[in-house]
file upload12.cif (mmCIF, C-alpha atoms)
data_my_file
#
loop_
_atom_site.label_atom_id
_atom_site.label_comp_id
_atom_site.auth_asym_id
_atom_site.auth_seq_id
_atom_site.Cartn_x
_atom_site.Cartn_y
_atom_site.Cartn_z
CA MET A 1 -2.18 -31.86 20.90
CA GLU A 2 -3.00 -30.74 17.35
CA ALA A 3 -3.95 -34.29 16.38
CA ILE A 4 -6.41 -34.52 19.29
CA LEU A 5 -7.89 -31.13 18.39
CA ALA A 6 -8.20 -32.04 14.70
CA SER A 7 -9.82 -35.38 15.54
CA SER A 8 -12.33 -33.75 17.90
CA VAL A 9 -13.17 -31.04 15.37
CA THR A 10 -13.72 -33.63 12.64
CA LYS A 11 -16.08 -35.62 14.86
CA ILE A 12 -18.05 -32.52 15.82
CA ILE A 13 -18.32 -31.32 12.21
CA THR A 14 -19.50 -34.76 11.09
CA ARG A 15 -22.15 -34.95 13.81
CA VAL A 16 -23.37 -31.41 13.14
CA CYS A 17 -23.66 -32.07 9.42
CA LEU A 18 -25.49 -35.37 9.98
CA ALA A 19 -27.84 -33.80 12.50
CA LYS A 20 -28.64 -30.89 10.20
CA ALA A 21 -29.22 -33.24 7.28
CA SER A 22 -31.67 -35.34 9.24
CA GLY A 23 -33.42 -32.32 10.74
CA ALA A 24 -32.68 -33.40 14.28
CA VAL A 25 -31.62 -29.92 15.35
CA SER A 26 -34.52 -28.00 13.90
CA GLY A 27 -35.45 -26.37 17.22
CA SER A 28 -31.95 -25.93 18.63
CA VAL A 29 -29.35 -23.21 18.55
CA LEU A 30 -27.56 -24.90 15.65
CA ALA A 31 -30.66 -24.86 13.43
CA GLY A 32 -29.91 -21.45 11.95
CA LEU A 33 -26.18 -21.97 11.56
CA SER A 34 -24.50 -23.16 8.43
CA SER A 35 -22.26 -26.16 8.84
CA VAL A 36 -19.22 -23.89 8.46
CA SER A 37 -20.44 -21.57 11.24
CA ALA A 38 -21.21 -24.53 13.48
CA ALA A 39 -17.78 -25.99 12.81
CA LYS A 40 -16.08 -22.69 13.55
CA ALA A 41 -18.05 -22.36 16.80
CA ALA A 42 -17.12 -25.91 17.78
CA VAL A 43 -13.44 -25.24 17.08
CA ALA A 44 -13.59 -22.03 19.13
CA VAL A 45 -15.10 -23.88 22.11
CA ILE A 46 -12.56 -26.68 21.86
CA GLY A 47 -9.72 -24.14 21.61
CA GLY A 48 -10.86 -22.44 24.80
CA VAL A 49 -11.17 -25.72 26.66
CA VAL A 50 -7.76 -26.91 25.49
CA ALA A 51 -6.13 -23.60 26.47
CA VAL A 52 -7.55 -23.68 29.99
CA GLY A 53 -7.08 -27.42 30.46
CA SER A 54 -3.48 -27.51 29.30
CA VAL A 55 -2.16 -24.96 31.83
CA PRO A 56 -2.00 -27.34 34.84
CA VAL A 57 -0.49 -30.09 32.69
CA VAL A 58 2.22 -27.85 31.24
CA LEU A 59 3.07 -26.26 34.60
CA GLY A 60 3.24 -29.68 36.25
CA ALA A 61 5.55 -30.93 33.52
CA MET A 62 7.79 -27.89 34.06
CA GLY A 63 7.99 -28.65 37.80
CA PHE A 64 5.49 -26.18 39.29
CA THR A 65 3.48 -28.59 41.45
CA GLY A 66 0.97 -28.32 44.24
CA THR A 67 3.61 -29.34 46.76
CA GLY A 68 6.24 -26.88 45.56
CA ILE A 69 8.89 -26.72 42.89
CA ALA A 70 10.17 -30.14 41.86
CA ALA A 71 13.91 -30.76 42.20
CA SER A 72 16.02 -30.83 39.02
CA SER A 73 13.19 -29.42 36.90
CA VAL A 74 12.89 -26.44 34.60
CA ALA A 75 11.05 -24.68 37.44
CA ALA A 76 13.99 -25.30 39.79
CA LYS A 77 16.40 -23.81 37.25
CA MET A 78 14.12 -20.79 36.80
CA MET A 79 13.88 -20.34 40.56
CA SER A 80 17.65 -20.57 40.94
CA ALA A 81 18.22 -17.96 38.23
CA ALA A 82 15.61 -15.64 39.76
CA ALA A 83 17.12 -16.01 43.23
CA ILE A 84 20.62 -15.26 41.96
CA ALA A 85 19.36 -12.22 40.04
CA ASN A 86 17.56 -10.89 43.14
CA GLY A 87 20.35 -11.42 45.63
CA GLY A 88 19.19 -14.68 47.18
CA GLY A 89 15.39 -14.66 47.09
CA VAL A 90 12.60 -14.88 44.57
CA ALA A 91 10.73 -11.59 44.34
CA ALA A 92 7.00 -11.62 45.02
CA GLY A 93 5.08 -11.10 41.81
CA SER A 94 7.91 -12.37 39.61
CA LEU A 95 7.31 -14.88 36.83
CA VAL A 96 8.55 -17.78 38.95
CA ALA A 97 6.36 -16.75 41.91
CA THR A 98 3.31 -16.36 39.69
CA LEU A 99 3.82 -19.70 37.94
CA GLN A 100 4.31 -21.44 41.29
CA SER A 101 1.12 -19.87 42.60
CA VAL A 102 -0.83 -21.11 39.58
CA GLY A 103 0.83 -24.53 39.82
CA ALA A 104 -0.13 -24.85 43.48
CA ALA A 105 -3.60 -23.27 43.56
CA GLY A 106 -4.73 -23.34 39.94
CA LEU A 107 -6.07 -20.52 37.80
CA SER A 108 -8.50 -17.94 39.14
CA LEU A 109 -11.88 -17.58 37.43
CA SER A 110 -10.84 -14.36 35.71
CA SER A 111 -7.64 -16.01 34.44
CA LYS A 112 -9.67 -18.93 33.09
CA VAL A 113 -12.01 -16.54 31.27
CA VAL A 114 -9.14 -14.58 29.71
CA LEU A 115 -7.19 -17.71 28.77
CA GLY A 116 -10.29 -19.43 27.41
CA SER A 117 -11.16 -16.39 25.32
CA ALA A 118 -7.65 -16.21 23.92
CA GLY A 119 -7.67 -19.94 23.13
CA SER A 120 -11.05 -19.61 21.43
CA ALA A 121 -9.87 -16.69 19.34
CA LEU A 122 -6.69 -18.44 18.26
CA ALA A 123 -8.47 -21.69 17.45
CA SER A 124 -11.14 -19.94 15.40
CA LEU A 125 -8.43 -18.24 13.36
CA MET A 126 -7.10 -21.69 12.40
CA VAL A 127 -10.34 -22.66 10.69
#

call {"tool": "encode", "arguments": {"input": "upload12.cif", "output": "structure tokens"}}
result
Amino acid sequence: MEAILASSVTKIITRVCLAKASGAVSGSVLAGLSSVSAAKAAVAVIGGVVAVGSVPVVLGAMGFTGTGIAASSVAAKMMSAAAIANGGGVAAGSLVATLQSVGAAGLSLSSKVVLGSAGSALASLMV
């Protein structure tokens, strides 16, 4: 994941620097930005996109799918532990229930905004 992010950032920085050098962005938003500011903005955007885009992939890999919890997965083990702890059922609003809901229906708009903002903030701190 880090290699993909680093490769994308390098390509964006290169294109921004080339465009600024040739004057191609003179009337655009990037015209007033230094190459460092443009690079940091690009990294922040990529970080937000990666954060939001990776949630369905990670949850699917854990076993939280659109058709339910996959057998013999991490999600199944979590569900079993939650059911044992709650006397036979998974409590509504628990971590397992919430992750299954997101795995089945996806993230809400507000969750995407919060997660994207957090991903942007973390990625911009890396630069």

call {"tool": "residues_around", "arguments": {"input": "upload12.cif", "residues": "region 57-60 of chain A", "least_positions_apart": "3", "cutoff": "12 Å", "atoms": "only C-alpha atoms", "output": "list of chain:residue names"}}
result
A:Met1, A:Val50, A:Ala51, A:Val52, A:Gly53, A:Ser54, A:Gly63, A:Phe64, A:Thr65, A:Gly66, A:Thr67, A:Gly68, A:Ile69, A:Ala70, A:Ser73, A:Val74, A:Ala75, A:Val96, A:Thr98, A:Leu99, A:Gln100, A:Ser101, A:Val102, A:Gly103, A:Ala104, A:Ala105, A:Gly106, A:Leu107

call {"tool": "atom_distance", "arguments": {"input": "upload12.cif", "atom1": "CA of Val127 (chain A)", "atom2": "CA of Ala44 (chain A)"}}
result
9.1 Å

call {"tool": "resolve_selection", "arguments": {"input": "upload12.cif", "expression": "the PyMOL selection byres ((chain A and resi 125) around 12)", "output": "PDB file with C-alpha atoms, in the frame of the given file"}}
result
ATOM      1  CA  LYS A  40     -16.080 -22.690  13.550  1.00  0.00           C
ATOM      2  CA  ALA A  41     -18.050 -22.360  16.800  1.00  0.00           C
ATOM      3  CA  VAL A  43     -13.440 -25.240  17.080  1.00  0.00           C
ATOM      4  CA  ALA A  44     -13.590 -22.030  19.130  1.00  0.00           C
ATOM      5  CA  GLY A  47      -9.720 -24.140  21.610  1.00  0.00           C
ATOM      6  CA  ALA A 118      -7.650 -16.210  23.920  1.00  0.00           C
ATOM      7  CA  GLY A 119      -7.670 -19.940  23.130  1.00  0.00           C
ATOM      8  CA  SER A 120     -11.050 -19.610  21.430  1.00  0.00           C
ATOM      9  CA  ALA A 121      -9.870 -16.690  19.340  1.00  0.00           C
ATOM     10  CA  LEU A 122      -6.690 -18.440  18.260  1.00  0.00           C
ATOM     11  CA  ALA A 123      -8.470 -21.690  17.450  1.00  0.00           C
ATOM     12  CA  SER A 124     -11.140 -19.940  15.400  1.00  0.00           C
ATOM     13  CA  MET A 126      -7.100 -21.690  12.400  1.00  0.00           C
ATOM     14  CA  VAL A 127     -10.340 -22.660  10.690  1.00  0.00           C
TER      15      VAL A 127
END

call {"tool": "atom_distance", "arguments": {"input": "upload12.cif", "atom1": "CA of Ser117 (chain A)", "atom2": "CA of Gly48 (chain A)"}}
result
6.1 Å

call {"tool": "closest_residue", "arguments": {"input": "upload12.cif", "among": "A:Ala81, A:Ala61, A:Val49, A:Ala42", "to": "Val114 (chain A)", "atoms": "all atoms listed in the file"}}
result
A:Val49

call {"tool": "atom_distance", "arguments": {"input": "upload12.cif", "atom1": "CA of Ala91 (chain A)", "atom2": "CA of Val113 (chain A)"}}
result
26.7 Å

call {"tool": "build_atoms", "arguments": {"input": "upload12.cif", "residues": "region 97-108 of chain A", "atoms": "N, CA, C and O atoms", "output": "JSON list (two decimals), keeping the file's coordinate frame"}}
result
[["chain", "number", "residue", "atom", "x", "y", "z"],
["A", 97, "ALA", "N", 7.34, -16.76, 40.82],
["A", 97, "ALA", "CA", 6.36, -16.75, 41.91],
["A", 97, "ALA", "C", 4.94, -16.91, 41.38],
["A", 97, "ALA", "O", 4.13, -17.65, 41.95],
["A", 98, "THR", "N", 4.64, -16.26, 40.28],
["A", 98, "THR", "CA", 3.31, -16.36, 39.69],
["A", 98, "THR", "C", 3.04, -17.76, 39.16],
["A", 98, "THR", "O", 1.97, -18.33, 39.41],
["A", 99, "LEU", "N", 4.00, -18.35, 38.46],
["A", 99, "LEU", "CA", 3.82, -19.70, 37.94],
["A", 99, "LEU", "C", 3.69, -20.71, 39.08],
["A", 99, "LEU", "O", 2.89, -21.65, 38.99],
["A", 100, "GLN", "N", 4.43, -20.54, 40.16],
["A", 100, "GLN", "CA", 4.31, -21.44, 41.29],
["A", 100, "GLN", "C", 2.94, -21.31, 41.95],
["A", 100, "GLN", "O", 2.33, -22.29, 42.36],
["A", 101, "SER", "N", 2.45, -20.09, 42.04],
["A", 101, "SER", "CA", 1.12, -19.87, 42.60],
["A", 101, "SER", "C", 0.05, -20.57, 41.78],
["A", 101, "SER", "O", -0.85, -21.23, 42.32],
["A", 102, "VAL", "N", 0.14, -20.44, 40.46],
["A", 102, "VAL", "CA", -0.83, -21.11, 39.58],
["A", 102, "VAL", "C", -0.66, -22.62, 39.65],
["A", 102, "VAL", "O", -1.64, -23.36, 39.66],
["A", 103, "GLY", "N", 0.58, -23.09, 39.72],
["A", 103, "GLY", "CA", 0.83, -24.53, 39.82],
["A", 103, "GLY", "C", 0.28, -25.12, 41.11],
["A", 103, "GLY", "O", -0.22, -26.24, 41.14],
["A", 104, "ALA", "N", 0.33, -24.35, 42.19],
["A", 104, "ALA", "CA", -0.13, -24.85, 43.48],
["A", 104, "ALA", "C", -1.64, -24.70, 43.66],
["A", 104, "ALA", "O", -2.31, -25.61, 44.14],
["A", 105, "ALA", "N", -2.19, -23.55, 43.27],
["A", 105, "ALA", "CA", -3.60, -23.27, 43.56],
["A", 105, "ALA", "C", -4.49, -23.33, 42.33],
["A", 105, "ALA", "O", -5.71, -23.35, 42.46],
["A", 106, "GLY", "N", -3.93, -23.35, 41.15],
["A", 106, "GLY", "CA", -4.73, -23.34, 39.94],
["A", 106, "GLY", "C", -5.02, -21.92, 39.49],
["A", 106, "GLY", "O", -4.63, -20.96, 40.12],
["A", 107, "LEU", "N", -5.73, -21.82, 38.38],
["A", 107, "LEU", "CA", -6.07, -20.52, 37.80],
["A", 107, "LEU", "C", -7.29, -19.92, 38.49],
["A", 107, "LEU", "O", -8.21, -20.65, 38.86],
["A", 108, "SER", "N", -7.31, -18.62, 38.62],
["A", 108, "SER", "CA", -8.50, -17.94, 39.14],
["A", 108, "SER", "C", -9.56, -17.92, 38.04],
["A", 108, "SER", "O", -9.27, -18.17, 36.87]]
